[in-house]
Amino acid sequence: MTKDNAKKISIGVTGMHCASCALTIERSLSHAKGVKSANVNFANEHANIEFDPAKTNETELMKAVKKTGYGVIEATENNKELEVGEAKKGIATAKFKVIGMHSPHCAGIVSRALSKVKGIVKYDVDFPNERATITFNTAIIDANKIIKAIKNSGYEAFEEKEEFVDREKKAREHEINALKIKFVVGAILSIPIFIGSFPEFFGFAPQILQNPFLLLVLATPVQFYVGWQFYRGAWIALRNFTADMNTLIAVGTSAAYIYSAAVVFVPQIFAEQAKLYFDTAAIIITLIVLGRLFEAIVKGKTSEAIKKLIGLQAKTARILRNGKEVEIPIEQVKIGDIVVVRPGEKIPVDGIVVSGFSAVDEKVITGESMPVDKKAGDVVIGATLNKSGLLKFRATKIGKDTMLMQIIKIVEEAQASKAPIQRLADIVSGYFVPAVIAIAIIAFALWMLLGFSFLFALAIFIAVAIIAFALWMLLGFSFLFALAIFIAVLIIACPCALGLATPTAIMVGSGKAAEHGILIKSAEALETAHKLTTIVFDKTGTLTKGEPAVTDIVAVKGIGENELLRIAAIAEYASEHPLGEAIIKKARQRKLRISEAKNFEALPGMGVKAFYRQKILVGNKLLMDKNRINFAHLENKIAEIENQGKTAMRVAYAGKAIGIIAVADTLKEYSKEAVGMLHKLGKEVAIITGDNERVGKAIAKSLGIDVVLANVLPAQKANEVKKLQALSKKVAFVGDGINDAPALAQADIGIAIGSGTDIAMETGNIVLIKDDLRDVVTAIDLSAYTIRKIKQNLFWAFIYNTVGIPIAAGILYAPFGILLNPMIAAAAMAFSSISVVGNSLLMRTYKAKIK
C-alpha cells in the first residue's frame with residue numbers, strides 16, 4: 001500500500017478503563033485486513049487508524065473495535081472527506097439523527113436496512129449518539145429516501161445540517177451522568193451495610209441492619225448494578241485472552257461477596273471463621289466508581305484547548321447577495337462570497353480583504369496581543385475579531401480548510417499520537433495482569449528462598465496476591481486474614497495511573513502550545529524538542545524578513561547606474577526570487593523602462609539568465625565562474641559590501657562584467673533575542689544560506705550565531721542537516737520556503753514558520769503561527785516542561801504499584817503489625833489516577849518565559 005492511497009480515520013472508543021484496554025483494541029485493529037497502522041490513545045479515548053480503502057472501510061474497522069467488546073462513537077476522516085473524483089461522481093456525505101436506538105442491536109437493524117438501499121456507498125450507524133453517517137450517490141438517491149428507509153426499519157430520522165458536532169463532549173457527559181447515578185446508589189446502600197457490619201465502631205446500629213440476609217439484599221445491587229461495568233470489562237478481557245483492571249476488581253470483590261453469601265446460607269461450614277465481607281465488596285466498588293467519576297471529569301479538562309478552539313468559531317456570516325446583505329449559517333458560506341464584517345464582530349471564515357480598513361485582533365489564533373491593521377489585499381483569518389472599521393472580504397477558505405479547523409485537526413492528531421516514552425508504560429501495563437500464572441510458579445519458589453524481601457522484586461505482578469494468600473495460610477494465619485490480603489493485593493494492583501501518565505501530559509502540553517500559537521503535530525515531536533542540541537535557521541524569510549532592498553549600485557566605467565539597474569531588471573522581470581523583486585522595485589522607483597527579455601531561466605542557487613539583444617547574467621560568483629566572466633577588478637568592492645552583511649549581485653552583459661548591485665535584507669525584530677535565549681538553553685545555533693561565507697559570517701556576527709553554513713544550494717540544505725546529524729547532534733531546522741521542505745523533513749525536528757509556504761508547514765513537525773522566532777524557544781521549553789511532568793507522573797505511578805502491592809501483601813505485618821485494609825486499597829487505587837491527571841492539569845498554569 002502506498003502513501004498516496006492510504007487513508008486515515010479517528011474512531012472514538014467507549015469503555016476503555018486502562019492501558020490494557022487500549023492495547024487489546026490496538027492488537028485487534030493491527031490484525032485487521034488492510035490496516036497499515038493503528039494507535040489507540042487511552043487518555044483521549046480515540047483509535048487513529050491508517051488503512052488501504054481498497055481493502056477495508058470505516059464500517060469494517062468499527063466492527064473490529066466492537067468485536068473486542070468496546071463501543072464506538074463515530075469515525076471521522078483525518079484527510080478530506082471526499083476526493084475530487086468522488087465529488088465529480090456526485091458522491092455526498094450526510095449525517096442523520098436516528099431516534100429510538102438504545103443498543104447495538106438497534107444499530108444492527110438500521111445498518112441492515114441501509115445495506116439494502118441502492119446508491120448508499122458506505123454507512124456508519126452510531127447508537128450511543130443516535131446518529132448515522134452515510135455516504136451516497138446523489139444521482140441514485142437523496143436524503144429524503146434515506147430517511148424513509150430508516151423510518152421503514154422502525155426508527156424516526158432527520159438530517160443533521162450541523163457540520164461540526166462535539167461528540168466527545170456528549171459522550172463524556174453521558175459517562176459522567178451514569179457514574180454519578182451509580183455512585184449515589186452505591187453510597188446510599190454502602191452506608192447502612194458499613195454501619196450494620198461494625199456496630200461496635202459506631203456505638204449504635206439497629207438490630208435489623210445487623211441481619212445477614214438484609215446485608216446480602218443491600219450488597220447485591222451494589223455488586224451487580226453499580227459494579228456491573230467491572231464484570232463486563234472482565235468478560236471483554238477474557239474474550240480477548242487477556243486481563244485488566246476490571247479483572248482484578250471483579251475477582252477481588254466477587255471473592256468477598258461470594259464468601260459472605262456462602263456464610264449467610266451455610267454458616268455451619270465456616271464455624272468460627274464465619275465473618276461477613278459485604279462491607280468490603282460494597283465500599284470497594286463504590287470508591288472505585290467515585291474514582292472513575294473524578295477521573296472522567298478531570299480527563300475532560302485535559303482537552304479544554306480543543307474545546308476553546310471549537311468555541312471560537314462564528315455561527316453566522318453576513319454576505320452580499322444581489323447587492324444586499326444576507327445573514328446565513330457559516331456552513332452555507334461558499335468560496336468567492338463577499339463577506340461583510342462590522343466592528344466588534346468575529347470574522348467567520350478565511351479570506352482576502354477587497355475593501356475597508358480596520359484593526360483585527362488575531363490573538364486567538366496567533367497569540368499576538370497587538371491588533372493587526374488590515375486593508376485591501378490583506379489576508380484575514382476566521383475566528384479573529386474585527387475591532388474598529390468595516391471590512392469586506394472575499395472568502396477563500398471555508399469549513400475544514402480554514403486555519404482554525406486546520407489548527408484543531410493538528411492539535412487533535414498530536415493529542416491522539418503516542419510519545420516514545422509512553423511505549424514502556426504501555427508494555428508494562430499490557431503485561432501487568434496477564435503474567436499471573438507464569439510468574440506465580442516462579443514467585444512461590446523464590447518466596448520460600450528469599451522471604452519477605454522478594455515482594456519488592458516481583459511486586460508488579462498480580463501473582464503476589466495468590467502467593468500472599470497461600471503463604472499466610474501456610475504460616476498458620478486464618479483463612480479470613482489471607483482473604484483480606486488477597487483482596488487488597490488484587491484491588492491495589494491496577495495499573496491505571498501508569499496508563500494515564502504520558503497521554504494526559506501530552507494532551508495538556510500540545511493544547512497549551514496551541515494557545516501560544518505553536519502547533520506541535522505529534523507527541524514524538526513534543527518529546528524530542530527538548531533533546532535538540534543544534535538549531536539551524538534558514539536566512540532569507542526566517543532570520544530576515546524576506547523583503548530585501550537595493551542599497552548600492554556599482555557600475556563599471558562606461559555604464560551608468562541607471563543603465564546597470566535597467567539591464568538587471570530586464571533579466572529579473574520574470575523572477576519570483578526576493579532579490580530579483582528588490583531590483584525590479586528599485587528600477588520602478590527610478591521610473592526606468594523595463595523591456596521584455598527572452599529565454600528567461602532561473603538557475604537555483606546561482607541566479608538568472610535571459611536574452612535582451614545580448615545574454616544577461618545576474619547572480620553570484622558561482623554563476624559568473626561557470627560562464628567565465630571575470631570580476632577580479634571588482635573583488636575589493638564586493639568584499640567591502642559582503643563584509644557589511646549585504647548580498648552582492650554580479651551583473652554581466654554580452655559576456656562582460658558591467659557592475660554590482662548590493663541588496664540587503666532586514667533582520668526580523670526578535671531574531672537576535674531568540675538566538676540569545678537559545679544560547680541560554682545551551683543550544684548551538686547555525687545559519688544556512690546560499691550567500692557566500694563573508695555575507696553569512698557578517699550576519700552571524702550581528703546575531704551572535706555560532707556556525708555558518710554558506711554557499712549552500714537549495715537542494716543541498718538537507719545534506720547539510722545530515723552532516724550535522726552524523727556528528728551525533730540532534731538537529732532542528734527552522735525555515736519557511738518550498739525549498740526548505742527537504743531539510744525540514746530530514747531534521748530531527750522541522751520547525752516551519754506560519755507566514756511561509758503551505759508545503760513548508762505541511763512538512764514541519766512544529767508550526768509557528770506567529771512570525772516570532774522566540775516561539776522556537778517556547779516550543780523547546782514547553783517540551784522540557786512536558787517531559788518533566790511525564791517523568792513525575794511515571795515516577796508516582798511506578799512507586800504506587802511497586803510499594804503499594806507489597807504493603808497490601810502483608811510485608812509490614814510481621815515486623816510492624818501493619819496490614820492494609822482492602823477498602824483503603826480501593827481508595828488508594830481510585831485516587832492514584834486522579835493524582836496523575838491532576839498533576840498533568842497543573843501544566844495549564846504554564847507561562848511562556850518570553851512574554
# chains A, B, ... in the order shown; residues from 1 in each chain; ligands from 1
$ residues_around --residues "Gly15 in chain A" --least-positions-apart "2" --cutoff "8 Å" --atoms "only C-alpha atoms" --output "PyMOL selection string"
chain A and resi 13+17+70-71+233
$ closest_residue --among "A:Ala47, A:Leu391, A:Ile506, A:Leu768" --to "Lys375 in chain A" --atoms "only C-alpha atoms"
A:Leu391
$ residues_around --residues "Gly399 in chain A" --least-positions-apart "6" --cutoff "9 Å" --atoms "only C-alpha atoms" --output "VMD selection string"
chain A and resid 163 330 to 331 333 349 405
$ closest_atom_pairs --of "range 537-638 of chain A" --to "range 718-739 of chain A" --cutoff "6 Å" --atoms "only C-alpha atoms" --output "JSON lines"
{"residue": "A:Phe537", "atom": "CA", "partner": "A:Val734", "partner_atom": "CA", "distance": 4.9}
{"residue": "A:Asp538", "atom": "CA", "partner": "A:Gly735", "partner_atom": "CA", "distance": 5.3}
{"residue": "A:Thr542", "atom": "CA", "partner": "A:Gly735", "partner_atom": "CA", "distance": 5.8}
$ closest_residue --among "A:Val836, A:Ala282, A:Val360, A:Ala157" --to "Leu215 in chain A" --atoms "only C-alpha atoms"
A:Ala282
$ atom_distance --atom1 "CA of Ala395 in chain A" --atom2 "CA of Val341 in chain A"
11.9 Å
$ closest_residue --among "A:Ile699, A:Leu519, A:Ile176, A:Asp781" --to "Glu762 in chain A" --atoms "only C-alpha atoms"
A:Leu519
$ residues_around --residues "Asp142 in chain A" --least-positions-apart "3" --cutoff "12 Å" --atoms "only C-alpha atoms" --output "PyMOL selection string"
chain A and resi 90-94+117-120+134-139+145-149+159
$ atom_distance --atom1 "CA of Ile824 in chain A" --atom2 "CA of Leu209 in chain A"
23.1 Å
$ closest_residue --among "A:Ser28, A:Asn386, A:Ser355, A:Ser522" --to "Arg342 in chain A" --atoms "only C-alpha atoms"
A:Asn386
$ select_by_dssp --residues "range 335-397 of chain A" --states "strand (DSSP E or B)" --output "PyMOL selection string"
chain A and resi 338-341+346+350-356+358-361+372-374+379-380+385-386+391-397
$ atom_distance --atom1 "CA of Ile188 in chain A" --atom2 "CA of Asn246 in chain A"
23.0 Å
$ select_by_dssp --residues "range 730-820 of chain A" --states "helix (DSSP H, G or I)" --output "JSON, numbers by chain"
{"A": [738, 739, 740, 741, 742, 743, 744, 745, 746, 758, 759, 760, 761, 762, 763, 774, 775, 776, 777, 778, 779, 780, 781, 782, 783, 784, 785, 786, 787, 788, 789, 790, 791, 792, 793, 794, 795, 796, 797, 798, 799, 800, 801, 802, 803, 804, 805, 806, 807, 808, 813, 814, 815, 816]}
